[in-house]
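Dumped start-v9.cif below, it's mmCIF, N, CA, C and O atoms:
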```cif
data_query
loop_
_atom_site.label_atom_id
_atom_site.label_comp_id
_atom_site.auth_asym_id
_atom_site.auth_seq_id
_atom_site.Cartn_x
_atom_site.Cartn_y
_atom_site.Cartn_z
N MET T 1 110.36 -148.44 76.12
CA MET T 1 109.17 -148.82 75.39
C MET T 1 109.00 -147.89 74.21
O MET T 1 109.20 -146.69 74.33
N ASN T 2 108.60 -148.43 73.11
CA ASN T 2 108.35 -147.63 71.92
C ASN T 2 106.88 -147.29 71.82
O ASN T 2 106.07 -148.10 71.42
N ILE T 3 106.56 -146.08 72.20
CA ILE T 3 105.19 -145.58 72.10
C ILE T 3 105.27 -144.27 71.32
O ILE T 3 106.17 -143.47 71.54
N LYS T 4 104.34 -144.08 70.41
CA LYS T 4 104.35 -142.86 69.61
C LYS T 4 104.02 -141.68 70.50
O LYS T 4 103.20 -141.76 71.41
N ILE T 5 104.68 -140.57 70.20
CA ILE T 5 104.49 -139.36 70.99
C ILE T 5 103.32 -138.58 70.40
O ILE T 5 103.48 -137.76 69.50
N THR T 6 102.13 -138.89 70.90
CA THR T 6 100.91 -138.21 70.45
C THR T 6 100.07 -137.81 71.65
O THR T 6 100.14 -138.46 72.70
N PRO T 7 99.27 -136.76 71.51
CA PRO T 7 98.38 -136.38 72.62
C PRO T 7 97.42 -137.51 73.00
O PRO T 7 97.08 -137.66 74.18
N ASN T 8 97.01 -138.33 72.04
CA ASN T 8 96.11 -139.44 72.33
C ASN T 8 96.78 -140.47 73.24
O ASN T 8 96.15 -140.99 74.18
N ASN T 9 98.05 -140.76 73.01
CA ASN T 9 98.77 -141.70 73.87
C ASN T 9 98.98 -141.13 75.27
O ASN T 9 98.96 -141.86 76.25
N LEU T 10 99.19 -139.82 75.35
CA LEU T 10 99.29 -139.18 76.67
C LEU T 10 97.98 -139.36 77.43
O LEU T 10 97.98 -139.70 78.61
N THR T 11 96.87 -139.19 76.74
CA THR T 11 95.56 -139.37 77.36
C THR T 11 95.37 -140.80 77.84
O THR T 11 94.83 -141.03 78.94
N LYS T 12 95.82 -141.77 77.05
CA LYS T 12 95.71 -143.18 77.45
C LYS T 12 96.52 -143.45 78.72
O LYS T 12 96.07 -144.18 79.61
N LEU T 13 97.72 -142.88 78.80
CA LEU T 13 98.55 -143.07 80.00
C LEU T 13 97.91 -142.41 81.21
O LEU T 13 97.89 -142.98 82.31
N GLU T 14 97.37 -141.20 81.03
CA GLU T 14 96.71 -140.51 82.13
C GLU T 14 95.49 -141.30 82.61
O GLU T 14 95.18 -141.33 83.80
N LYS T 15 94.81 -141.97 81.69
CA LYS T 15 93.63 -142.77 82.03
C LYS T 15 94.00 -143.94 82.94
O LYS T 15 93.24 -144.30 83.84
N ILE T 16 95.17 -144.53 82.72
CA ILE T 16 95.62 -145.63 83.58
C ILE T 16 95.74 -145.14 85.03
O ILE T 16 95.29 -145.81 85.96
N PHE T 17 96.33 -143.97 85.22
CA PHE T 17 96.46 -143.41 86.57
C PHE T 17 95.08 -143.14 87.17
O PHE T 17 94.84 -143.42 88.34
N GLU T 18 94.19 -142.60 86.37
CA GLU T 18 92.84 -142.30 86.85
C GLU T 18 92.12 -143.57 87.29
O GLU T 18 91.50 -143.61 88.36
N GLU T 19 92.21 -144.63 86.48
CA GLU T 19 91.55 -145.88 86.82
C GLU T 19 92.16 -146.53 88.05
O GLU T 19 91.48 -147.23 88.80
N ALA T 20 93.46 -146.30 88.28
CA ALA T 20 94.14 -146.86 89.44
C ALA T 20 93.98 -145.97 90.68
O ALA T 20 94.59 -146.22 91.71
N LYS T 21 93.14 -144.96 90.56
CA LYS T 21 92.83 -144.04 91.67
C LYS T 21 94.02 -143.18 92.10
O LYS T 21 94.14 -142.79 93.26
N TYR T 22 94.93 -142.89 91.16
CA TYR T 22 96.01 -141.95 91.42
C TYR T 22 95.60 -140.59 90.90
O TYR T 22 94.94 -140.47 89.86
N VAL T 23 96.01 -139.54 91.60
CA VAL T 23 95.76 -138.17 91.17
C VAL T 23 97.00 -137.67 90.46
O VAL T 23 98.10 -137.69 91.04
N LEU T 24 96.84 -137.26 89.21
CA LEU T 24 97.95 -136.68 88.45
C LEU T 24 97.86 -135.17 88.54
O LEU T 24 96.82 -134.59 88.27
N ARG T 25 98.97 -134.56 88.93
CA ARG T 25 99.01 -133.10 89.01
C ARG T 25 100.22 -132.61 88.23
O ARG T 25 101.31 -133.13 88.39
N PHE T 26 100.00 -131.60 87.42
CA PHE T 26 101.09 -130.97 86.68
C PHE T 26 101.35 -129.63 87.34
O PHE T 26 100.54 -128.71 87.26
N GLU T 27 102.48 -129.55 88.05
CA GLU T 27 102.83 -128.36 88.84
C GLU T 27 104.26 -127.96 88.53
O GLU T 27 105.04 -128.76 88.03
N LYS T 28 104.59 -126.73 88.89
CA LYS T 28 105.99 -126.35 88.74
C LYS T 28 106.71 -126.65 90.04
O LYS T 28 106.12 -126.63 91.13
N GLY T 29 107.95 -126.99 89.91
CA GLY T 29 108.75 -127.34 91.07
C GLY T 29 110.14 -127.72 90.64
O GLY T 29 110.44 -127.82 89.45
N SER T 30 111.00 -127.94 91.59
CA SER T 30 112.38 -128.31 91.26
C SER T 30 112.56 -129.80 91.54
O SER T 30 113.14 -130.21 92.53
N PHE T 31 112.01 -130.62 90.65
CA PHE T 31 112.13 -132.06 90.76
C PHE T 31 113.38 -132.50 90.03
O PHE T 31 113.61 -132.11 88.88
N ASN T 32 114.20 -133.32 90.66
CA ASN T 32 115.41 -133.80 90.02
C ASN T 32 115.10 -134.63 88.78
O ASN T 32 115.81 -134.57 87.79
N SER T 33 114.05 -135.41 88.85
CA SER T 33 113.73 -136.31 87.74
C SER T 33 112.54 -135.82 86.92
O SER T 33 112.16 -136.47 85.97
N GLY T 34 111.93 -134.72 87.29
CA GLY T 34 110.77 -134.23 86.57
C GLY T 34 109.46 -134.63 87.21
O GLY T 34 108.40 -134.25 86.75
N TYR T 35 109.53 -135.43 88.30
CA TYR T 35 108.30 -135.85 88.96
C TYR T 35 108.55 -136.24 90.40
O TYR T 35 109.68 -136.44 90.82
N CYS T 36 107.45 -136.38 91.15
CA CYS T 36 107.49 -136.84 92.53
C CYS T 36 106.25 -137.70 92.75
O CYS T 36 105.17 -137.36 92.30
N VAL T 37 106.42 -138.81 93.43
CA VAL T 37 105.30 -139.72 93.71
C VAL T 37 105.08 -139.80 95.21
O VAL T 37 105.99 -140.13 95.96
N LEU T 38 103.87 -139.47 95.63
CA LEU T 38 103.47 -139.63 97.03
C LEU T 38 102.63 -140.90 97.08
O LEU T 38 101.42 -140.88 96.82
N GLU T 39 103.28 -142.03 97.37
CA GLU T 39 102.63 -143.33 97.22
C GLU T 39 101.43 -143.54 98.14
O GLU T 39 100.42 -144.05 97.72
N HIS T 40 101.54 -143.15 99.40
CA HIS T 40 100.46 -143.43 100.33
C HIS T 40 99.25 -142.53 100.08
O HIS T 40 98.14 -142.90 100.43
N LYS T 41 99.47 -141.39 99.48
CA LYS T 41 98.35 -140.50 99.15
C LYS T 41 97.88 -140.70 97.72
O LYS T 41 96.91 -140.08 97.31
N LYS T 42 98.58 -141.56 96.97
CA LYS T 42 98.27 -141.83 95.58
C LYS T 42 98.22 -140.55 94.74
O LYS T 42 97.26 -140.29 94.02
N VAL T 43 99.27 -139.75 94.88
CA VAL T 43 99.39 -138.51 94.13
C VAL T 43 100.71 -138.55 93.36
O VAL T 43 101.75 -138.91 93.91
N VAL T 44 100.63 -138.18 92.09
CA VAL T 44 101.82 -138.09 91.25
C VAL T 44 101.90 -136.65 90.76
O VAL T 44 100.96 -136.14 90.14
N VAL T 45 103.01 -135.98 91.07
CA VAL T 45 103.21 -134.60 90.66
C VAL T 45 104.29 -134.58 89.58
O VAL T 45 105.39 -135.09 89.78
N ILE T 46 103.93 -134.01 88.43
CA ILE T 46 104.84 -133.96 87.28
C ILE T 46 105.13 -132.51 86.95
O ILE T 46 104.24 -131.65 87.03
N ASN T 47 106.36 -132.24 86.57
CA ASN T 47 106.77 -130.89 86.19
C ASN T 47 105.92 -130.41 85.01
O ASN T 47 105.90 -131.02 83.95
N LYS T 48 105.22 -129.30 85.20
CA LYS T 48 104.30 -128.82 84.16
C LYS T 48 105.02 -128.24 82.96
O LYS T 48 104.41 -128.01 81.92
N PHE T 49 106.32 -128.02 83.06
CA PHE T 49 107.07 -127.46 81.95
C PHE T 49 107.61 -128.52 81.00
O PHE T 49 108.24 -128.20 79.99
N LEU T 50 107.36 -129.79 81.29
CA LEU T 50 107.78 -130.85 80.37
C LEU T 50 106.95 -130.79 79.09
O LEU T 50 105.75 -130.52 79.13
N ASN T 51 107.60 -131.05 77.97
CA ASN T 51 106.87 -131.10 76.71
C ASN T 51 106.13 -132.43 76.60
O ASN T 51 106.20 -133.27 77.50
N LEU T 52 105.44 -132.64 75.49
CA LEU T 52 104.63 -133.85 75.30
C LEU T 52 105.47 -135.11 75.44
O LEU T 52 105.10 -136.05 76.15
N GLU T 53 106.63 -135.14 74.80
CA GLU T 53 107.50 -136.31 74.87
C GLU T 53 107.98 -136.55 76.30
O GLU T 53 107.99 -137.68 76.79
N GLY T 54 108.34 -135.48 77.00
CA GLY T 54 108.78 -135.60 78.38
C GLY T 54 107.69 -136.13 79.29
O GLY T 54 107.94 -136.95 80.18
N ARG T 55 106.46 -135.67 79.08
CA ARG T 55 105.34 -136.14 79.90
C ARG T 55 105.08 -137.62 79.67
O ARG T 55 104.89 -138.39 80.61
N ILE T 56 105.07 -138.03 78.40
CA ILE T 56 104.82 -139.45 78.08
C ILE T 56 105.91 -140.33 78.67
O ILE T 56 105.64 -141.34 79.31
N ASN T 57 107.18 -139.95 78.46
CA ASN T 57 108.29 -140.75 78.98
C ASN T 57 108.26 -140.81 80.51
O ASN T 57 108.55 -141.86 81.10
N THR T 58 107.91 -139.70 81.14
CA THR T 58 107.84 -139.67 82.61
C THR T 58 106.72 -140.58 83.11
O THR T 58 106.92 -141.35 84.06
N LEU T 59 105.55 -140.53 82.48
CA LEU T 59 104.45 -141.39 82.91
C LEU T 59 104.79 -142.86 82.72
O LEU T 59 104.45 -143.69 83.55
N ILE T 60 105.49 -143.19 81.64
CA ILE T 60 105.91 -144.57 81.42
C ILE T 60 106.89 -145.00 82.50
O ILE T 60 106.78 -146.10 83.04
N ASP T 61 107.84 -144.13 82.84
CA ASP T 61 108.81 -144.45 83.90
C ASP T 61 108.09 -144.71 85.22
O ASP T 61 108.44 -145.65 85.95
N ILE T 62 107.12 -143.88 85.54
CA ILE T 62 106.39 -144.04 86.80
C ILE T 62 105.58 -145.33 86.80
O ILE T 62 105.60 -146.09 87.76
N LEU T 63 104.86 -145.59 85.70
CA LEU T 63 104.04 -146.80 85.63
C LEU T 63 104.87 -148.07 85.74
O LEU T 63 104.40 -149.07 86.27
N ALA T 64 106.10 -148.01 85.26
CA ALA T 64 106.97 -149.19 85.34
C ALA T 64 107.37 -149.51 86.77
O ALA T 64 107.75 -150.64 87.07
N THR T 65 107.24 -148.54 87.68
CA THR T 65 107.67 -148.75 89.06
C THR T 65 106.51 -148.87 90.06
O THR T 65 106.72 -149.35 91.17
N LEU T 66 105.32 -148.44 89.68
CA LEU T 66 104.20 -148.45 90.61
C LEU T 66 103.53 -149.82 90.69
O LEU T 66 103.30 -150.46 89.67
N PRO T 67 103.19 -150.23 91.91
CA PRO T 67 102.40 -151.46 92.05
C PRO T 67 100.92 -151.12 91.91
O PRO T 67 100.32 -150.53 92.79
N LEU T 68 100.33 -151.44 90.77
CA LEU T 68 98.92 -151.12 90.53
C LEU T 68 98.07 -152.37 90.61
O LEU T 68 98.52 -153.46 90.27
N ASP T 69 96.83 -152.21 91.03
CA ASP T 69 95.87 -153.30 91.02
C ASP T 69 95.33 -153.42 89.59
O ASP T 69 94.51 -152.62 89.15
N GLU T 70 95.83 -154.40 88.87
CA GLU T 70 95.51 -154.54 87.46
C GLU T 70 94.05 -154.92 87.22
O GLU T 70 93.53 -154.71 86.13
N GLU T 71 93.38 -155.44 88.22
CA GLU T 71 92.00 -155.88 88.05
C GLU T 71 91.03 -154.71 87.86
O GLU T 71 89.96 -154.90 87.29
N ILE T 72 91.40 -153.52 88.32
CA ILE T 72 90.49 -152.38 88.19
C ILE T 72 90.68 -151.64 86.87
O ILE T 72 89.91 -150.73 86.56
N LEU T 73 91.68 -152.03 86.08
CA LEU T 73 91.93 -151.36 84.80
C LEU T 73 91.00 -151.91 83.73
O LEU T 73 90.66 -153.10 83.73
N THR T 74 90.62 -151.05 82.78
CA THR T 74 89.84 -151.51 81.64
C THR T 74 90.74 -152.36 80.75
O THR T 74 91.97 -152.36 80.91
N ALA T 75 90.16 -153.06 79.80
CA ALA T 75 90.93 -153.96 78.93
C ALA T 75 92.01 -153.20 78.15
O ALA T 75 93.16 -153.66 78.07
N GLU T 76 91.66 -152.04 77.62
CA GLU T 76 92.63 -151.24 76.86
C GLU T 76 93.77 -150.76 77.75
O GLU T 76 94.95 -150.86 77.39
N SER T 77 93.43 -150.26 78.92
CA SER T 77 94.45 -149.77 79.85
C SER T 77 95.32 -150.92 80.35
O SER T 77 96.53 -150.76 80.51
N HIS T 78 94.71 -152.06 80.61
CA HIS T 78 95.46 -153.22 81.10
C HIS T 78 96.48 -153.67 80.06
O HIS T 78 97.62 -153.99 80.39
N LYS T 79 96.09 -153.69 78.80
CA LYS T 79 96.99 -154.09 77.71
C LYS T 79 98.19 -153.14 77.64
O LYS T 79 99.34 -153.59 77.55
N LEU T 80 97.95 -151.83 77.69
CA LEU T 80 99.03 -150.86 77.64
C LEU T 80 99.92 -150.98 78.88
O LEU T 80 101.16 -150.94 78.78
N PHE T 81 99.31 -151.18 80.05
CA PHE T 81 100.08 -151.32 81.29
C PHE T 81 100.98 -152.55 81.22
O PHE T 81 102.14 -152.51 81.63
N LYS T 82 100.47 -153.66 80.69
CA LYS T 82 101.28 -154.87 80.56
C LYS T 82 102.45 -154.65 79.60
O LYS T 82 103.54 -155.17 79.83
N GLN T 83 102.23 -153.90 78.52
CA GLN T 83 103.32 -153.59 77.60
C GLN T 83 104.41 -152.79 78.30
O GLN T 83 105.60 -153.04 78.12
N ILE T 84 104.00 -151.84 79.12
CA ILE T 84 104.96 -151.03 79.87
C ILE T 84 105.72 -151.88 80.87
O ILE T 84 106.93 -151.80 80.99
N GLN T 85 105.00 -152.74 81.59
CA GLN T 85 105.63 -153.62 82.58
C GLN T 85 106.62 -154.57 81.94
O GLN T 85 107.69 -154.83 82.49
N SER T 86 106.29 -155.12 80.78
CA SER T 86 107.17 -156.10 80.14
C SER T 86 108.40 -155.45 79.52
O SER T 86 109.40 -156.13 79.29
N SER T 87 108.35 -154.15 79.29
CA SER T 87 109.51 -153.50 78.67
C SER T 87 110.45 -152.85 79.67
O SER T 87 111.50 -152.35 79.29
N LYS T 88 110.10 -152.87 80.96
CA LYS T 88 110.98 -152.22 81.94
C LYS T 88 112.23 -153.07 82.17
O LYS T 88 112.16 -154.30 82.20
N PRO T 89 113.38 -152.42 82.31
CA PRO T 89 114.61 -153.18 82.55
C PRO T 89 114.61 -153.77 83.96
O PRO T 89 114.13 -153.15 84.89
N ILE T 90 115.15 -154.96 84.09
CA ILE T 90 115.24 -155.63 85.39
C ILE T 90 116.58 -155.26 86.01
O ILE T 90 117.63 -155.55 85.43
N PRO T 91 116.58 -154.59 87.19
CA PRO T 91 117.85 -154.22 87.81
C PRO T 91 118.62 -155.45 88.27
O PRO T 91 118.03 -156.42 88.73
N GLU T 92 119.93 -155.38 88.14
CA GLU T 92 120.77 -156.49 88.57
C GLU T 92 120.91 -156.46 90.08
O GLU T 92 120.65 -155.45 90.72
N ALA T 93 121.36 -157.56 90.65
CA ALA T 93 121.51 -157.66 92.10
C ALA T 93 122.43 -156.57 92.62
O ALA T 93 123.50 -156.33 92.08
N GLY T 94 121.98 -155.88 93.66
CA GLY T 94 122.78 -154.83 94.27
C GLY T 94 122.63 -153.48 93.59
O GLY T 94 123.13 -152.49 94.07
N GLU T 95 121.92 -153.43 92.49
CA GLU T 95 121.74 -152.17 91.76
C GLU T 95 120.44 -151.53 92.22
O GLU T 95 119.41 -152.18 92.31
N GLU T 96 120.47 -150.23 92.50
CA GLU T 96 119.29 -149.53 92.96
C GLU T 96 118.77 -148.62 91.88
O GLU T 96 119.53 -148.11 91.07
N ALA T 97 117.46 -148.40 91.87
CA ALA T 97 116.86 -147.46 90.92
C ALA T 97 117.23 -146.06 91.36
O ALA T 97 117.20 -145.72 92.54
N THR T 98 117.58 -145.22 90.41
CA THR T 98 117.94 -143.84 90.72
C THR T 98 117.20 -142.89 89.81
O THR T 98 116.66 -143.28 88.78
N GLY T 99 117.16 -141.61 90.21
CA GLY T 99 116.62 -140.58 89.34
C GLY T 99 115.19 -140.20 89.59
O GLY T 99 114.67 -139.36 88.90
N SER T 100 114.55 -140.77 90.59
CA SER T 100 113.17 -140.39 90.86
C SER T 100 113.03 -139.95 92.30
O SER T 100 113.76 -140.37 93.17
N SER T 101 112.05 -139.09 92.51
CA SER T 101 111.73 -138.64 93.85
C SER T 101 110.49 -139.39 94.31
O SER T 101 109.44 -139.25 93.70
N VAL T 102 110.61 -140.18 95.34
CA VAL T 102 109.48 -140.92 95.86
C VAL T 102 109.34 -140.60 97.34
O VAL T 102 110.26 -140.81 98.11
N ALA T 103 108.17 -140.09 97.70
CA ALA T 103 107.91 -139.78 99.09
C ALA T 103 106.90 -140.79 99.60
O ALA T 103 105.90 -141.05 98.94
N THR T 104 107.13 -141.32 100.78
CA THR T 104 106.21 -142.31 101.35
C THR T 104 105.50 -141.74 102.55
O THR T 104 105.49 -142.32 103.61
N GLU T 105 104.92 -140.60 102.37
CA GLU T 105 104.24 -139.88 103.45
C GLU T 105 102.94 -140.50 103.78
O GLU T 105 102.17 -140.94 103.01
#
```
What does this structure look like when you write it as C-alpha coordinates?
Amino acid sequence: MNIKITPNNLTKLEKIFEEAKYVLRFEKGSFNSGYCVLEHKKVVVINKFLNLEGRINTLIDILATLPLDEEILTAESHKLFKQIQSSKPIPEAGEEATGSSVATE
(Lines of atoms letter the chains of each structure in order from A and count residues from 1; the text may use other names and numbers.)
(Lines give C-alpha, C1' and ligand atoms only; values in the text may rest on other atoms or scores of the structure.)
Protein backbone atom coordinates (compact mmCIF):
# COMPACT_ATOMS: atom_id res chain seq x y z
CA MET A 1 0.00 0.00 0.00
CA ASN A 2 1.22 3.47 -0.80
CA ILE A 3 0.81 5.59 2.30
CA LYS A 4 2.95 8.62 3.02
CA ILE A 5 5.37 8.21 5.88
CA THR A 6 4.20 10.95 8.24
CA PRO A 7 3.53 11.08 11.98
CA ASN A 8 -0.10 11.96 11.18
CA ASN A 9 -0.56 8.72 9.21
CA LEU A 10 1.01 6.76 12.06
CA THR A 11 -1.56 8.32 14.38
CA LYS A 12 -4.38 7.34 12.01
CA LEU A 13 -3.18 3.72 11.97
CA GLU A 14 -2.86 3.66 15.76
CA LYS A 15 -6.42 5.01 16.00
CA ILE A 16 -7.74 2.03 14.03
CA PHE A 17 -6.25 -0.33 16.63
CA GLU A 18 -7.68 1.77 19.46
CA GLU A 19 -11.17 1.77 17.94
CA ALA A 20 -10.96 -2.01 17.41
CA LYS A 21 -10.14 -2.41 21.13
CA TYR A 22 -6.56 -3.58 20.52
CA VAL A 23 -3.79 -2.43 22.84
CA LEU A 24 -0.69 -1.22 21.01
CA ARG A 25 2.54 -1.50 22.96
CA PHE A 26 5.97 -0.40 21.80
CA GLU A 27 8.49 -2.54 23.68
CA LYS A 28 11.96 -3.85 23.14
CA GLY A 29 12.34 -7.49 22.34
CA SER A 30 13.76 -9.94 19.86
CA PHE A 31 10.89 -10.21 17.41
CA ASN A 32 11.74 -11.89 14.12
CA SER A 33 9.35 -9.66 12.21
CA GLY A 34 9.40 -6.59 14.44
CA TYR A 35 6.11 -7.40 16.15
CA CYS A 36 4.03 -9.97 18.01
CA VAL A 37 0.23 -10.25 18.11
CA LEU A 38 -1.59 -11.80 21.05
CA GLU A 39 -4.95 -12.27 19.34
CA HIS A 40 -7.08 -13.50 22.24
CA LYS A 41 -5.86 -10.72 24.52
CA LYS A 42 -6.08 -8.14 21.72
CA VAL A 43 -2.54 -6.93 22.33
CA VAL A 44 -0.06 -5.96 19.62
CA VAL A 45 3.57 -5.55 20.67
CA ILE A 46 5.84 -3.68 18.25
CA ASN A 47 9.59 -3.26 18.47
CA LYS A 48 10.14 0.20 19.94
CA PHE A 49 13.38 0.65 18.00
CA LEU A 50 11.61 0.75 14.64
CA ASN A 51 11.73 4.11 12.90
CA LEU A 52 8.62 5.91 11.63
CA GLU A 53 8.59 4.07 8.30
CA GLY A 54 9.08 0.72 10.04
CA ARG A 55 6.22 1.39 12.45
CA ILE A 56 3.83 2.41 9.67
CA ASN A 57 4.74 -0.58 7.49
CA THR A 58 4.42 -2.95 10.45
CA LEU A 59 0.99 -1.60 11.42
CA ILE A 60 -0.18 -1.96 7.82
CA ASP A 61 1.09 -5.56 7.72
CA ILE A 62 -0.75 -6.37 10.94
CA LEU A 63 -4.00 -4.68 9.86
CA ALA A 64 -3.96 -6.65 6.62
CA THR A 65 -4.09 -9.90 8.62
CA LEU A 66 -6.33 -9.06 11.59
CA PRO A 67 -10.05 -9.81 11.54
CA LEU A 68 -11.54 -6.54 12.79
CA ASP A 69 -15.16 -5.63 13.40
CA GLU A 70 -15.49 -2.89 10.81
CA GLU A 71 -18.77 -1.62 12.25
CA ILE A 72 -17.07 -0.11 15.30
CA LEU A 73 -14.63 1.95 13.22
CA THR A 74 -15.26 5.62 12.47
CA ALA A 75 -15.82 6.60 8.84
CA GLU A 76 -12.23 7.84 8.40
CA SER A 77 -10.72 4.75 10.00
CA HIS A 78 -13.01 2.44 8.04
CA LYS A 79 -11.94 4.04 4.75
CA LEU A 80 -8.23 3.62 5.58
CA PHE A 81 -8.82 0.04 6.79
CA LYS A 82 -10.61 -0.83 3.53
CA GLN A 83 -7.69 0.60 1.52
CA ILE A 84 -5.29 -1.58 3.49
CA GLN A 85 -7.49 -4.66 3.07
CA SER A 86 -7.86 -4.16 -0.69
CA SER A 87 -4.12 -3.78 -1.20
CA LYS A 88 -3.03 -6.94 0.63
CA PRO A 89 -1.70 -9.72 -1.60
CA ILE A 90 -3.84 -12.84 -1.83
CA PRO A 91 -1.75 -15.95 -1.02
CA GLU A 92 -1.89 -18.72 -3.59
CA ALA A 93 -3.15 -22.18 -2.71
CA GLY A 94 -0.75 -24.02 -0.43
CA GLU A 95 1.23 -20.87 0.35
CA GLU A 96 1.46 -19.84 3.99
CA ALA A 97 2.04 -16.39 5.44
CA THR A 98 5.49 -16.06 6.96
CA GLY A 99 7.48 -13.51 8.90
CA SER A 100 5.18 -12.68 11.77
CA SER A 101 4.92 -13.84 15.34
CA VAL A 102 1.35 -14.62 16.31
CA ALA A 103 0.50 -16.02 19.70
CA THR A 104 -2.99 -17.37 20.35
CA GLU A 105 -2.83 -17.36 24.12
Name the residues captured by the PyMOL selection byres ((chain T and resi 25) around 8) when it is applied to the shown file; answer as a list in words.
-> Tyr22, Val23, Leu24, Phe26, Glu27, Lys28, Gly34, Tyr35, Cys36, Lys42, Val43, Val44, Val45, Ile46, Asn47 and Lys48 of chain T
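For the pair atom C of Glu53 of chain T and atom O of Phe31 of chain T, the interatomic distance is 14.5 Å.
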Distance criterion (only C-alpha atoms): nearest to Phe49 of chain T out of T:Thr65, T:Ser30, T:Asn9, T:Ser87 =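 Of the candidates, the smallest distance to Phe49 of chain T is held by T:Ser30.
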Tell me which of T:Ile56, T:Ile16, T:Ala75, T:Leu66 sits closest to Ile3 of chain T, counting all atoms listed in the file.
->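 Smallest separation from Ile3 of chain T among the options: T:Ile56.
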Could you work out how far atom N of Leu63 of chain T lies from atom C of Glu14 of chain T, giving the answer in Å with one decimal?
-> 10.8 Å
